[in-house]
file protein-v3.cif (mmCIF, C-alpha atoms)
data_entry
#
loop_
_atom_site.label_atom_id
_atom_site.label_comp_id
_atom_site.auth_asym_id
_atom_site.auth_seq_id
_atom_site.Cartn_x
_atom_site.Cartn_y
_atom_site.Cartn_z
CA MET A 141 -32.67 169.40 -63.97
CA ILE A 142 -35.09 166.48 -64.04
CA LYS A 143 -37.59 166.81 -66.87
CA LEU A 144 -38.76 163.25 -67.35
CA HIS A 145 -40.85 161.68 -64.60
CA PRO A 146 -43.02 158.59 -64.28
CA THR A 147 -46.62 159.32 -65.33
CA GLN A 148 -49.30 159.98 -62.73
CA ALA A 149 -50.80 156.55 -63.52
CA GLN A 150 -47.42 154.87 -62.98
CA LEU A 151 -46.98 156.67 -59.66
CA VAL A 152 -50.43 155.55 -58.53
CA GLU A 153 -49.72 151.92 -59.46
CA PHE A 154 -46.35 152.20 -57.73
CA ALA A 155 -48.03 153.49 -54.56
CA GLU A 156 -50.65 150.74 -54.71
CA GLY A 157 -47.93 148.13 -55.11
CA THR A 158 -49.44 146.92 -58.38
CA LEU A 159 -46.70 148.10 -60.75
CA SER A 160 -44.32 145.33 -61.86
CA PRO A 161 -41.40 144.84 -59.45
CA ALA A 162 -38.78 145.80 -62.06
CA MET A 163 -40.60 149.00 -62.97
CA SER A 164 -41.24 149.70 -59.27
CA LEU A 165 -37.53 149.49 -58.58
CA VAL A 166 -36.69 152.14 -61.18
CA VAL A 167 -39.60 154.36 -60.08
CA ALA A 168 -38.44 154.04 -56.46
CA ALA A 169 -34.88 155.01 -57.44
CA HIS A 170 -36.22 157.96 -59.42
CA CYS A 171 -38.29 159.12 -56.45
CA ASP A 172 -35.18 158.95 -54.25
CA MET A 173 -33.67 161.54 -56.60
CA CYS A 174 -36.81 163.58 -57.29
CA GLN A 175 -38.46 165.85 -54.72
CA HIS A 176 -41.29 166.60 -57.15
CA CYS A 177 -42.35 162.95 -57.39
CA GLN A 178 -41.89 162.42 -53.64
CA GLU A 179 -44.43 165.17 -53.03
CA LYS A 180 -46.83 163.67 -55.56
CA LEU A 181 -46.46 160.29 -53.87
CA GLU A 182 -47.38 161.74 -50.49
CA VAL A 183 -50.64 163.04 -51.94
CA ILE A 184 -51.33 159.73 -53.68
CA ASN A 185 -50.62 157.75 -50.51
CA THR A 186 -53.05 159.90 -48.57
CA GLN A 187 -55.75 159.41 -51.20
CA LEU A 188 -55.14 155.66 -51.36
CA ALA A 189 -55.30 155.39 -47.58
CA GLU A 190 -58.65 157.16 -47.57
CA SER A 191 -60.12 155.03 -50.32
CA SER A 192 -58.63 151.73 -49.09
CA LEU A 193 -59.14 151.85 -45.33
CA VAL A 194 -62.91 152.10 -45.36
CA TYR A 195 -65.25 150.91 -42.71
CA ASP A 196 -67.51 148.17 -43.95
CA VAL A 197 -70.57 147.75 -41.74
CA SER A 198 -70.93 144.09 -42.68
CA GLU A 199 -67.42 143.39 -41.38
CA GLN A 200 -68.12 144.83 -37.98
CA GLU A 201 -68.31 141.47 -36.22
CA LEU A 202 -64.95 139.85 -36.15
CA PRO A 203 -64.70 136.13 -36.72
CA GLY A 204 -62.31 134.52 -34.30
CA GLY A 205 -62.39 137.73 -32.32
CA TYR A 206 -59.99 140.62 -32.58
CA SER A 207 -59.27 140.57 -28.87
CA GLU A 208 -57.09 137.50 -29.20
CA MET A 209 -55.12 139.17 -31.99
CA LEU A 210 -54.84 142.33 -29.94
CA SER A 211 -53.38 140.56 -26.93
CA ARG A 212 -51.01 138.57 -29.12
CA ILE A 213 -49.68 141.78 -30.64
CA THR A 214 -49.29 143.70 -27.39
CA SER A 215 -47.24 140.85 -25.94
CA LEU A 216 -44.59 141.54 -28.60
CA PRO A 217 -41.61 143.62 -27.50
CA ALA A 218 -40.97 147.02 -29.04
CA SER A 219 -38.20 147.04 -31.58
CA HIS A 220 -36.11 150.08 -30.91
CA ILE A 221 -32.81 148.83 -32.18
CA ASP A 222 -32.74 148.48 -35.89
CA VAL A 223 -29.06 148.30 -36.69
CA PRO A 224 -28.96 149.65 -40.23
CA ALA A 225 -27.67 147.16 -42.74
CA GLN A 226 -24.16 147.96 -43.87
CA GLN A 227 -24.88 148.83 -47.46
CA HIS A 228 -22.76 151.67 -48.68
CA GLY A 229 -24.51 152.08 -52.02
CA ILE A 230 -21.43 153.01 -53.99
CA ILE A 231 -20.23 151.54 -57.25
CA GLU A 232 -16.84 152.13 -58.81
CA LEU A 233 -15.50 152.19 -62.31
CA ASP A 234 -11.95 152.99 -63.25
CA GLY A 235 -11.26 155.06 -60.14
CA LYS A 236 -14.56 156.93 -60.34
CA THR A 237 -17.14 156.35 -57.62
CA PHE A 238 -20.87 156.80 -57.93
CA LYS A 239 -23.32 157.11 -55.05
CA LEU A 240 -26.48 155.25 -55.92
CA PRO A 241 -30.03 156.20 -54.92
CA ARG A 242 -31.22 154.32 -51.83
CA ALA A 243 -33.51 151.90 -53.69
CA LEU A 244 -30.54 150.48 -55.58
CA HIS A 245 -28.21 149.97 -52.61
CA ARG A 246 -29.15 146.33 -52.22
CA TYR A 247 -28.04 145.62 -55.78
CA VAL A 248 -24.44 146.73 -55.34
CA SER A 249 -23.61 143.25 -54.08
CA LYS A 250 -25.47 141.72 -57.02
CA THR A 251 -23.57 143.68 -59.62
CA GLY A 252 -21.07 141.81 -61.78
CA ASN A 253 -17.76 143.08 -63.11
CA TRP A 254 -17.55 145.90 -65.58
CA SER A 255 -16.89 144.81 -69.11
CA HIS A 256 -15.72 147.05 -71.90
CA LEU A 257 -18.10 147.02 -74.83
CA VAL A 258 -17.64 148.66 -78.18
CA GLY A 259 -16.24 152.18 -78.26
CA LYS A 260 -16.31 154.04 -74.98
CA LEU A 261 -19.03 151.99 -73.44
CA TRP A 262 -18.88 150.01 -70.21
CA GLN A 263 -21.45 147.68 -68.78
CA ALA A 264 -21.92 145.85 -65.48
CA PRO A 265 -24.77 143.33 -65.23
CA VAL A 266 -27.05 143.30 -62.18
CA ASP A 267 -28.76 140.11 -61.12
CA LEU A 268 -32.38 140.88 -60.35
CA GLY A 269 -33.44 137.24 -59.98
CA ASP A 270 -36.90 136.67 -61.36
CA MET A 271 -37.41 140.36 -62.07
CA GLY A 272 -35.06 140.13 -65.02
CA ARG A 273 -31.67 141.46 -65.84
CA ALA A 274 -30.49 144.99 -65.44
CA ASN A 275 -27.28 146.80 -66.27
CA PHE A 276 -25.33 149.74 -65.13
CA ILE A 277 -24.11 151.32 -68.34
CA TYR A 278 -21.41 153.93 -68.39
CA MET A 279 -20.71 156.04 -71.45
CA GLU A 280 -17.44 157.90 -71.46
CA LYS A 281 -17.49 161.34 -73.04
CA GLY A 282 -18.13 160.80 -76.72
CA GLY A 283 -19.31 157.24 -76.11
CA ARG A 284 -22.27 156.02 -78.11
CA VAL A 285 -24.44 152.96 -78.54
CA PRO A 286 -25.18 152.01 -82.18
CA GLU A 287 -28.67 152.92 -83.30
CA HIS A 288 -31.12 150.33 -82.10
CA THR A 289 -34.71 149.63 -81.24
CA HIS A 290 -36.03 147.32 -78.53
CA LYS A 291 -37.93 144.12 -78.42
CA GLY A 292 -39.79 144.78 -75.23
CA ASN A 293 -39.37 147.73 -72.91
CA GLU A 294 -36.23 149.44 -71.74
CA ILE A 295 -36.67 151.34 -68.48
CA THR A 296 -33.78 153.70 -67.83
CA LEU A 297 -32.81 156.06 -65.05
CA VAL A 298 -29.95 158.53 -65.48
CA LEU A 299 -27.86 158.26 -62.31
CA ASP A 300 -25.07 160.66 -63.10
CA GLY A 301 -24.21 162.95 -66.00
CA GLU A 302 -26.31 163.41 -69.12
CA PHE A 303 -26.74 162.03 -72.61
CA SER A 304 -28.65 162.49 -75.84
CA ASP A 305 -30.12 159.90 -78.16
CA GLY A 306 -31.33 161.70 -81.27
CA ILE A 307 -34.81 161.98 -79.75
CA SER A 308 -34.17 163.96 -76.63
CA HIS A 309 -31.65 165.11 -74.08
CA TYR A 310 -31.54 163.37 -70.72
CA ASP A 311 -30.22 164.74 -67.44
CA THR A 312 -29.40 163.22 -64.05
CA GLY A 313 -32.56 161.80 -62.48
CA ASP A 314 -34.53 161.54 -65.73
CA PHE A 315 -36.78 158.50 -65.99
CA MET A 316 -37.68 157.03 -69.37
CA ILE A 317 -39.27 154.01 -70.95
CA MET A 318 -38.26 153.03 -74.46
CA THR A 319 -40.54 150.66 -76.35
CA GLU A 320 -40.41 148.84 -79.67
CA ASP A 321 -41.57 152.07 -81.31
CA HIS A 322 -38.40 153.94 -80.42
CA VAL A 323 -35.29 153.81 -82.53
CA HIS A 324 -32.47 155.60 -80.80
CA ALA A 325 -28.72 155.98 -80.63
CA PRO A 326 -27.62 157.13 -77.17
CA GLU A 327 -24.55 159.31 -77.02
CA SER A 328 -22.82 161.11 -74.18
CA ASN A 329 -21.08 164.43 -74.49
CA ALA A 330 -21.01 165.29 -70.81
CA SER A 331 -17.50 166.05 -69.64
CA GLU A 332 -17.65 163.35 -67.00
CA GLY A 333 -19.51 160.80 -69.07
CA CYS A 334 -22.81 159.35 -68.04
CA LEU A 335 -23.98 156.50 -65.82
CA VAL A 336 -27.43 154.99 -66.29
CA PHE A 337 -29.32 152.09 -64.72
CA SER A 338 -31.32 150.21 -67.27
CA ILE A 339 -33.67 147.25 -67.22
CA VAL A 340 -34.48 145.64 -70.56
CA ASP A 341 -37.03 142.91 -70.57
CA GLN A 342 -35.89 141.69 -73.99
CA PRO A 343 -32.72 142.14 -76.05
CA LEU A 344 -31.97 145.22 -78.12
CA HIS A 345 -32.40 145.01 -81.85
CA PHE A 346 -29.84 146.92 -83.89
CA THR A 347 -31.16 148.66 -86.96
CA SER A 348 -28.30 150.40 -88.71
CA GLY A 349 -25.28 149.49 -90.79
CA LEU A 350 -22.59 147.22 -89.46
CA ALA A 351 -24.23 147.30 -86.07
CA ARG A 352 -26.78 144.87 -87.49
CA LEU A 353 -24.00 142.32 -87.23
CA LEU A 354 -24.24 142.75 -83.50
CA ASN A 355 -27.79 141.40 -83.42
CA PRO A 356 -26.75 137.81 -82.75
CA PHE A 357 -24.70 139.12 -79.85
CA SER A 358 -27.31 141.48 -78.58
CA GLN A 359 -27.65 139.47 -75.40
CA LEU A 360 -24.44 141.29 -74.48
CA PHE A 361 -26.53 144.40 -74.14
CA PHE A 362 -29.36 142.66 -72.38
CA MET B 475 -77.99 149.02 -53.80
CA LEU B 476 -78.66 145.37 -54.42
CA VAL B 477 -79.49 144.69 -50.81
CA GLY B 478 -81.47 147.86 -50.40
CA ILE B 479 -79.08 149.56 -48.00
CA PRO B 480 -78.98 153.28 -48.62
CA LEU B 481 -75.30 153.84 -49.10
CA GLU B 482 -75.20 157.50 -48.16
CA GLU B 483 -76.91 156.88 -44.88
CA SER B 484 -74.61 154.09 -43.81
CA ARG B 485 -71.65 156.21 -44.82
CA SER B 486 -72.75 159.18 -42.82
CA ASN B 487 -72.40 157.18 -39.60
CA VAL B 488 -68.83 156.33 -40.37
CA THR B 489 -65.90 158.31 -39.09
CA LYS B 490 -63.45 158.93 -41.88
CA PRO B 491 -59.74 158.53 -41.10
CA LYS B 492 -59.01 162.22 -41.48
CA ASP B 493 -61.66 163.12 -38.92
CA CYS B 494 -59.77 161.42 -36.13
CA ALA B 495 -56.20 161.83 -37.33
CA ASP B 496 -55.15 163.95 -34.35
CA GLU B 497 -56.65 161.53 -31.86
CA MET B 498 -54.97 158.53 -33.49
CA ALA B 499 -51.65 160.40 -33.74
CA ALA B 500 -51.81 161.07 -30.00
CA HIS B 501 -52.45 157.39 -29.32
CA LEU B 502 -49.51 156.38 -31.50
CA ALA B 503 -47.29 158.79 -29.58
CA ALA B 504 -48.44 157.19 -26.32
CA VAL B 505 -47.60 153.75 -27.68
CA ALA B 506 -44.16 154.95 -28.76
CA GLU B 507 -43.38 156.69 -25.47
CA SER B 508 -44.91 154.47 -22.84
CA ARG B 509 -46.02 151.27 -24.60
CA SER B 510 -49.57 152.19 -23.68
CA LYS B 511 -51.78 149.18 -24.33
CA THR B 512 -54.88 151.28 -23.83
CA SER B 513 -53.83 153.64 -26.59
CA PHE B 514 -52.85 150.79 -28.85
CA ALA B 515 -56.25 149.19 -28.29
CA LYS B 516 -57.88 152.40 -29.58
CA VAL B 517 -55.70 152.42 -32.68
CA PHE B 518 -56.30 148.73 -33.18
CA GLY B 519 -60.07 149.06 -32.69
CA TYR B 520 -60.24 151.77 -35.29
CA PHE B 521 -57.86 150.40 -37.91
CA ALA B 522 -58.10 146.62 -37.67
CA PRO B 523 -61.58 146.37 -39.25
CA ARG B 524 -60.60 148.86 -41.95
CA LEU B 525 -57.41 146.96 -42.68
CA ARG B 526 -59.45 143.76 -42.86
CA SER B 527 -61.69 145.29 -45.49
CA TYR B 528 -58.60 146.28 -47.53
CA ALA B 529 -56.93 142.94 -46.92
CA LEU B 530 -59.94 140.88 -47.98
CA LYS B 531 -60.09 142.73 -51.30
CA GLN B 532 -56.36 142.38 -51.85
CA MET B 533 -55.81 138.82 -50.71
CA GLY B 534 -59.23 137.35 -51.46
CA ASN B 535 -58.85 134.87 -48.64
CA GLU B 536 -59.84 135.12 -45.00
CA ALA B 537 -56.69 133.55 -43.54
CA LEU B 538 -54.29 135.64 -45.61
CA ALA B 539 -56.33 138.74 -44.94
CA MET B 540 -56.09 138.22 -41.20
CA GLU B 541 -52.35 137.57 -41.51
CA LEU B 542 -52.02 140.90 -43.32
CA VAL B 543 -54.01 142.67 -40.60
CA GLN B 544 -52.00 141.08 -37.83
CA ASP B 545 -48.60 141.79 -39.41
CA THR B 546 -49.56 145.37 -40.13
CA MET B 547 -50.82 146.04 -36.61
CA SER B 548 -47.80 144.24 -35.11
CA ASN B 549 -45.55 146.68 -36.94
CA VAL B 550 -47.64 149.58 -35.70
CA TRP B 551 -47.20 148.31 -32.13
CA GLN B 552 -43.50 147.61 -32.42
CA LYS B 553 -42.47 150.57 -34.53
CA ALA B 554 -44.82 153.31 -33.37
CA HIS B 555 -41.73 155.46 -32.72
CA LEU B 556 -41.21 155.67 -36.49
CA PHE B 557 -44.52 157.43 -37.03
CA ASN B 558 -43.99 161.11 -37.74
CA ALA B 559 -47.14 163.21 -37.60
CA GLU B 560 -45.41 165.95 -39.58
CA LYS B 561 -44.99 163.66 -42.56
CA GLY B 562 -48.55 162.40 -42.79
CA SER B 563 -51.63 161.10 -41.04
CA PRO B 564 -51.81 157.85 -39.05
CA SER B 565 -54.06 156.33 -41.69
CA THR B 566 -51.58 157.09 -44.48
CA TRP B 567 -48.73 155.62 -42.45
CA ILE B 568 -50.69 152.48 -41.60
CA PHE B 569 -51.87 152.09 -45.19
CA THR B 570 -48.28 152.22 -46.46
CA ILE B 571 -47.24 149.57 -43.93
CA ALA B 572 -50.09 147.33 -45.09
CA ARG B 573 -49.20 147.97 -48.74
CA ASN B 574 -45.60 146.91 -48.04
CA ILE B 575 -46.62 143.76 -46.22
CA ARG B 576 -49.09 142.89 -48.96
CA PHE B 577 -46.31 143.24 -51.55
CA ASP B 578 -43.97 140.92 -49.63
CA MET B 579 -46.76 138.41 -48.93
CA LEU B 580 -47.74 138.21 -52.59
CA ARG B 581 -44.12 137.78 -53.70
CA LYS B 582 -43.73 135.00 -51.17
CA LEU B 583 -46.95 133.31 -52.31
CA GLN B 584 -45.66 133.35 -55.87
CA ASN B 585 -42.52 131.63 -54.62
CA ARG B 586 -40.48 134.56 -55.80
CA LYS B 587 -37.07 134.83 -54.33
CA GLU B 588 -36.66 137.94 -52.29
CA ASP B 589 -34.79 139.80 -54.98
CA VAL B 590 -36.73 142.86 -54.10
CA CYS B 591 -38.42 143.62 -50.83
CA SER B 592 -40.84 146.34 -49.92
CA ASP B 593 -38.30 148.18 -47.78
CA ASP B 594 -36.24 148.88 -50.89
CA LEU B 595 -39.19 150.30 -52.77
CA TRP B 596 -40.94 152.14 -49.96
CA PRO B 597 -38.77 152.91 -46.92
CA VAL B 598 -41.74 153.26 -44.57
CA LEU B 599 -40.19 151.39 -41.67
CA CYS B 600 -36.54 152.29 -42.06
CA GLU B 601 -34.83 153.96 -39.16
CA GLN B 602 -32.61 155.89 -41.51
CA THR B 603 -33.92 158.79 -43.50
CA PRO B 604 -32.92 158.63 -47.17
CA ASP B 605 -30.44 161.49 -46.69
CA ALA B 606 -28.75 160.10 -43.61
CA ASN B 607 -26.05 158.27 -45.49
CA GLU B 608 -23.23 159.74 -43.50
CA VAL B 609 -22.58 157.80 -40.32
CA SER B 610 -22.08 160.22 -37.44
CA LEU B 611 -19.31 159.80 -34.91
CA ASP B 612 -21.83 158.84 -32.26
CA GLU B 613 -23.23 156.12 -34.45
CA GLN B 614 -19.77 154.81 -35.27
CA ILE B 615 -19.04 154.39 -31.60
CA THR B 616 -22.36 152.70 -31.11
CA LEU B 617 -21.73 150.35 -34.02
CA GLU B 618 -18.33 149.54 -32.58
CA GLN B 619 -19.92 148.78 -29.24
CA VAL B 620 -22.51 146.64 -30.93
CA GLY B 621 -19.67 144.82 -32.69
CA GLN B 622 -18.09 143.94 -29.35
CA LEU B 623 -21.39 142.90 -27.88
CA PHE B 624 -21.98 140.70 -30.92
CA ASP B 625 -19.37 138.27 -29.66
CA VAL B 626 -21.37 137.69 -26.52
CA LEU B 627 -24.43 136.49 -28.43
CA PRO B 628 -25.06 132.76 -28.71
CA ASP B 629 -23.60 131.40 -31.97
CA LYS B 630 -26.97 130.70 -33.56
CA GLN B 631 -28.29 134.19 -32.89
CA ARG B 632 -25.06 135.83 -34.02
CA ALA B 633 -25.11 133.95 -37.33
CA VAL B 634 -28.61 135.18 -38.07
CA ILE B 635 -27.84 138.78 -37.10
CA GLU B 636 -24.66 138.87 -39.14
CA ALA B 637 -26.38 137.47 -42.21
CA ILE B 638 -29.20 139.99 -41.99
CA TYR B 639 -27.54 143.16 -40.77
CA ILE B 640 -24.04 142.81 -42.16
CA ASP B 641 -24.49 140.78 -45.33
CA GLY B 642 -27.85 142.44 -45.96
CA LYS B 643 -29.69 139.16 -46.58
CA SER B 644 -33.41 138.78 -46.15
CA GLN B 645 -34.85 136.65 -43.38
CA GLN B 646 -36.10 134.19 -46.00
CA GLU B 647 -32.64 133.86 -47.53
CA VAL B 648 -31.16 133.15 -44.13
CA ALA B 649 -33.83 130.53 -43.44
CA ASP B 650 -33.07 128.82 -46.76
CA GLU B 651 -29.32 128.86 -46.21
CA LEU B 652 -29.45 127.53 -42.68
CA CYS B 653 -32.30 125.12 -43.51
CA ILE B 654 -34.39 126.38 -40.62
CA PRO B 655 -37.97 127.68 -40.63
CA LEU B 656 -38.56 131.37 -41.27
CA GLY B 657 -40.23 131.63 -37.87
CA THR B 658 -37.03 130.46 -36.20
CA VAL B 659 -35.02 133.12 -38.02
CA LYS B 660 -37.53 135.72 -36.91
CA SER B 661 -37.46 134.62 -33.28
CA ARG B 662 -33.65 134.43 -33.22
CA THR B 663 -33.47 137.91 -34.70
CA ARG B 664 -35.91 139.22 -32.14
CA LEU B 665 -34.15 137.55 -29.22
CA ALA B 666 -30.74 138.71 -30.37
CA LEU B 667 -31.88 142.30 -30.89
CA GLN B 668 -33.56 142.32 -27.51
CA ARG B 669 -30.40 140.99 -25.95
CA LEU B 670 -28.23 143.55 -27.72
CA LYS B 671 -30.60 146.25 -26.56
CA ASP B 672 -30.42 145.06 -22.96
CA MET B 673 -26.65 144.89 -23.14
CA LEU B 674 -26.42 148.39 -24.64
CA GLN B 675 -28.54 149.76 -21.81
CA ASP B 676 -26.26 148.10 -19.28
CA TYR B 677 -23.30 149.54 -21.18
CA ASP B 678 -24.63 153.06 -20.71
#
call {"tool": "encode", "arguments": {"input": "protein-v3.cif", "output": "structure tokens"}}
result
Amino acid sequence: MIKLHPTQAQLVEFAEGTLSPAMSLVVAAHCDMCQHCQEKLEVINTQLAESSLVYDVSEQELPGGYSEMLSRITSLPASHIDVPAQQHGIIELDGKTFKLPRALHRYVSKTGNWSHLVGKLWQAPVDLGDMGRANFIYMEKGGRVPEHTHKGNEITLVLDGEFSDGISHYDTGDFMIMTEDHVHAPESNASEGCLVFSIVDQPLHFTSGLARLLNPFSQLFF
Amino acid sequence: MLVGIPLEESRSNVTKPKDCADEMAAHLAAVAESRSKTSFAKVFGYFAPRLRSYALKQMGNEALAMELVQDTMSNVWQKAHLFNAEKGSPSTWIFTIARNIRFDMLRKLQNRKEDVCSDDLWPVLCEQTPDANEVSLDEQITLEQVGQLFDVLPDKQRAVIEAIYIDGKSQQEVADELCIPLGTVKSRTRLALQRLKDMLQDYD
């Protein structure tokens, strides 16, 4: 069951279109999975429409005339055929297939090959262009990431399965933001492992034991 | 109250969107069903000034604001069939269209590549519902038919349609790759879709 949602303020910014594109993408994917947030968004959209589409008396007269715009628009044909783009929205790892939320479908074709990291951890990079770099990360049962903190923010959505990190337990659909203040060590004990989508705007910083040696290579986790 | 206009009084003369939601919904239905220009003119007359007020605040520039109004209302005209009164009011639907167009316009102004587009974030104008991932048998046949009809399209139109609807590229990406203006991509897409539509109707 989903316990962790974007905050009300984040949902409002998302609905306004003022949240950062990277964050918006993860919020959109969460909302695809979360009926609760979809319902909240409907209310927010209605409120925003009421407060945004207001009639301003001083704008009553239209420079250049609206009638020209009106006739230009009504000369356009209706668009009834919208052939849906052929995006299947499925990623595969080692014979397992995962159906992604709608918002992430476009990124299937921008996802690189899976690479095997330490332990039972797999990672596939996703090219987000100027939005930054994201990863699909898969933890096999018993897989764990060495304890680390973050320089910058890590926005994560659990796509399938569940994991724990010493702070909390996360289930499919949970949305979380880890900042520099969090030190955590994610670990999956779900029988089927756990797939997450994660955007980090700066590399991880490992804090414990031998894992500190990984710091120079932390771009691997970026 | 800098200019001495009593705000409450001016407000009281103004119809709020929710007061005329049913009327506007009926007009949208008439546009969707019969391409009624009279109904569209009512919707346009009501929403265009309100959109302009939103657009001016968002874009801070008269020309961009009017582009936002025009693109939003063009979508309302062309995609009125996607409006669903059960899911929300006309003003909410039109606001979300404007919000999407604003997002794409600002990304374009910042010279951002189209790594994310508003349709991904907010599927306001998608024909598919989020759950409709399974392609029905009817749709498969239709897609197959469309595939055959594809071959009849002029090469230039087919290239654009394939890039957008099969490879999933954005119109801007296609324009960049083919070194042609975005407007040309848009018109080729429109012409090709219209042609496919005509051919499908003949097919039936």
call {"tool": "atom_distance", "arguments": {"input": "protein-v3.cif", "atom1": "atom CA of B:Ala515", "atom2": "atom CA of A:Ser207"}}
result
9.2 Å
call {"tool": "resolve_selection", "arguments": {"input": "protein-v3.cif", "expression": "the PyMOL selection byres ((chain B and resi 497) around 12)", "output": "compact mmCIF listing (two decimals) with C-alpha atoms, in the coordinates of the input"}}
result
# COMPACT_ATOMS: atom_id res chain seq x y z
CA PRO B 491 -59.74 158.53 -41.10
CA LYS B 492 -59.01 162.22 -41.48
CA ASP B 493 -61.66 163.12 -38.92
CA CYS B 494 -59.77 161.42 -36.13
CA ALA B 495 -56.20 161.83 -37.33
CA ASP B 496 -55.15 163.95 -34.35
CA MET B 498 -54.97 158.53 -33.49
CA ALA B 499 -51.65 160.40 -33.74
CA ALA B 500 -51.81 161.07 -30.00
CA HIS B 501 -52.45 157.39 -29.32
CA LEU B 502 -49.51 156.38 -31.50
CA ALA B 503 -47.29 158.79 -29.58
CA ALA B 504 -48.44 157.19 -26.32
CA SER B 513 -53.83 153.64 -26.59
CA PHE B 514 -52.85 150.79 -28.85
CA LYS B 516 -57.88 152.40 -29.58
CA VAL B 517 -55.70 152.42 -32.68
CA TYR B 520 -60.24 151.77 -35.29
CA ALA B 559 -47.14 163.21 -37.60
CA SER B 563 -51.63 161.10 -41.04
CA PRO B 564 -51.81 157.85 -39.05
CA SER B 565 -54.06 156.33 -41.69
call {"tool": "resolve_selection", "arguments": {"input": "protein-v3.cif", "expression": "the PyMOL selection byres ((chain B and resi 579) around 12)", "output": "mmCIF file with C-alpha atoms, in the frame of the given file"}}
result
data_model
loop_
_atom_site.group_PDB
_atom_site.id
_atom_site.type_symbol
_atom_site.label_atom_id
_atom_site.label_comp_id
_atom_site.auth_asym_id
_atom_site.auth_seq_id
_atom_site.Cartn_x
_atom_site.Cartn_y
_atom_site.Cartn_z
ATOM 1 C CA GLY A 157 -47.930 148.130 -55.110
ATOM 2 C CA ALA B 529 -56.930 142.940 -46.920
ATOM 3 C CA GLN B 532 -56.360 142.380 -51.850
ATOM 4 C CA MET B 533 -55.810 138.820 -50.710
ATOM 5 C CA LEU B 538 -54.290 135.640 -45.610
ATOM 6 C CA ALA B 539 -56.330 138.740 -44.940
ATOM 7 C CA GLU B 541 -52.350 137.570 -41.510
ATOM 8 C CA LEU B 542 -52.020 140.900 -43.320
ATOM 9 C CA VAL B 543 -54.010 142.670 -40.600
ATOM 10 C CA ASP B 545 -48.600 141.790 -39.410
ATOM 11 C CA THR B 546 -49.560 145.370 -40.130
ATOM 12 C CA ALA B 572 -50.090 147.330 -45.090
ATOM 13 C CA ARG B 573 -49.200 147.970 -48.740
ATOM 14 C CA ASN B 574 -45.600 146.910 -48.040
ATOM 15 C CA ILE B 575 -46.620 143.760 -46.220
ATOM 16 C CA ARG B 576 -49.090 142.890 -48.960
ATOM 17 C CA PHE B 577 -46.310 143.240 -51.550
ATOM 18 C CA ASP B 578 -43.970 140.920 -49.630
ATOM 19 C CA LEU B 580 -47.740 138.210 -52.590
ATOM 20 C CA ARG B 581 -44.120 137.780 -53.700
ATOM 21 C CA LYS B 582 -43.730 135.000 -51.170
ATOM 22 C CA LEU B 583 -46.950 133.310 -52.310
ATOM 23 C CA GLN B 584 -45.660 133.350 -55.870
ATOM 24 C CA ASN B 585 -42.520 131.630 -54.620
ATOM 25 C CA ARG B 586 -40.480 134.560 -55.800
ATOM 26 C CA LYS B 587 -37.070 134.830 -54.330
ATOM 27 C CA GLU B 588 -36.660 137.940 -52.290
ATOM 28 C CA CYS B 591 -38.420 143.620 -50.830
ATOM 29 C CA SER B 592 -40.840 146.340 -49.920
ATOM 30 C CA GLN B 646 -36.100 134.190 -46.000
#
call {"tool": "atom_distance", "arguments": {"input": "protein-v3.cif", "atom1": "atom CA of A:His324", "atom2": "atom CA of A:Asp305"}}
result
5.6 Å
call {"tool": "atom_distance", "arguments": {"input": "protein-v3.cif", "atom1": "atom CA of B:Asp593", "atom2": "atom CA of B:Asn549"}}
result
13.1 Å
call {"tool": "closest_residue", "arguments": {"input": "protein-v3.cif", "among": "B:Val598, B:Ala554, B:Ser510, B:Phe569", "to": "chain A", "atoms": "only C-alpha atoms"}}
result
B:Phe569
call {"tool": "closest_residue", "arguments": {"input": "protein-v3.cif", "among": "A:Trp262, A:Phe154, A:Tyr278, A:Tyr310", "to": "chain B", "atoms": "all atoms listed in the file"}}
result
A:Phe154
call {"tool": "closest_residue", "arguments": {"input": "protein-v3.cif", "among": "B:Trp567, B:Asn558, B:Gln668, B:Pro597", "to": "A:Ala169", "atoms": "only C-alpha atoms"}}
result
B:Pro597
call {"tool": "closest_residue", "arguments": {"input": "protein-v3.cif", "among": "A:Glu302, A:Asp267, A:Glu208, A:Glu179", "to": "A:Pro326", "atoms": "all atoms listed in the file"}}
result
A:Glu302
call {"tool": "resolve_selection", "arguments": {"input": "protein-v3.cif", "expression": "the PyMOL selection byres ((chain B and resi 662) around 10)", "output": "list in words"}}
result
Pro628, Lys630, Gln631, Arg632, Ala633, Val634, Ile635, Leu656, Gly657, Thr658, Val659, Lys660, Ser661, Thr663, Arg664, Leu665, Ala666, Leu667 and Gln668 of chain B
call {"tool": "write_last_selection", "arguments": {"input": "protein-v3.cif", "atoms": "C-alpha atoms", "output": "short mmCIF file (atom, residue, chain, number, x, y, z; two decimals), in the frame of the given file"}}
result
data_model
loop_
_atom_site.label_atom_id
_atom_site.label_comp_id
_atom_site.auth_asym_id
_atom_site.auth_seq_id
_atom_site.Cartn_x
_atom_site.Cartn_y
_atom_site.Cartn_z
CA PRO B 628 -25.06 132.76 -28.71
CA LYS B 630 -26.97 130.70 -33.56
CA GLN B 631 -28.29 134.19 -32.89
CA ARG B 632 -25.06 135.83 -34.02
CA ALA B 633 -25.11 133.95 -37.33
CA VAL B 634 -28.61 135.18 -38.07
CA ILE B 635 -27.84 138.78 -37.10
CA LEU B 656 -38.56 131.37 -41.27
CA GLY B 657 -40.23 131.63 -37.87
CA THR B 658 -37.03 130.46 -36.20
CA VAL B 659 -35.02 133.12 -38.02
CA LYS B 660 -37.53 135.72 -36.91
CA SER B 661 -37.46 134.62 -33.28
CA THR B 663 -33.47 137.91 -34.70
CA ARG B 664 -35.91 139.22 -32.14
CA LEU B 665 -34.15 137.55 -29.22
CA ALA B 666 -30.74 138.71 -30.37
CA LEU B 667 -31.88 142.30 -30.89
CA GLN B 668 -33.56 142.32 -27.51
#
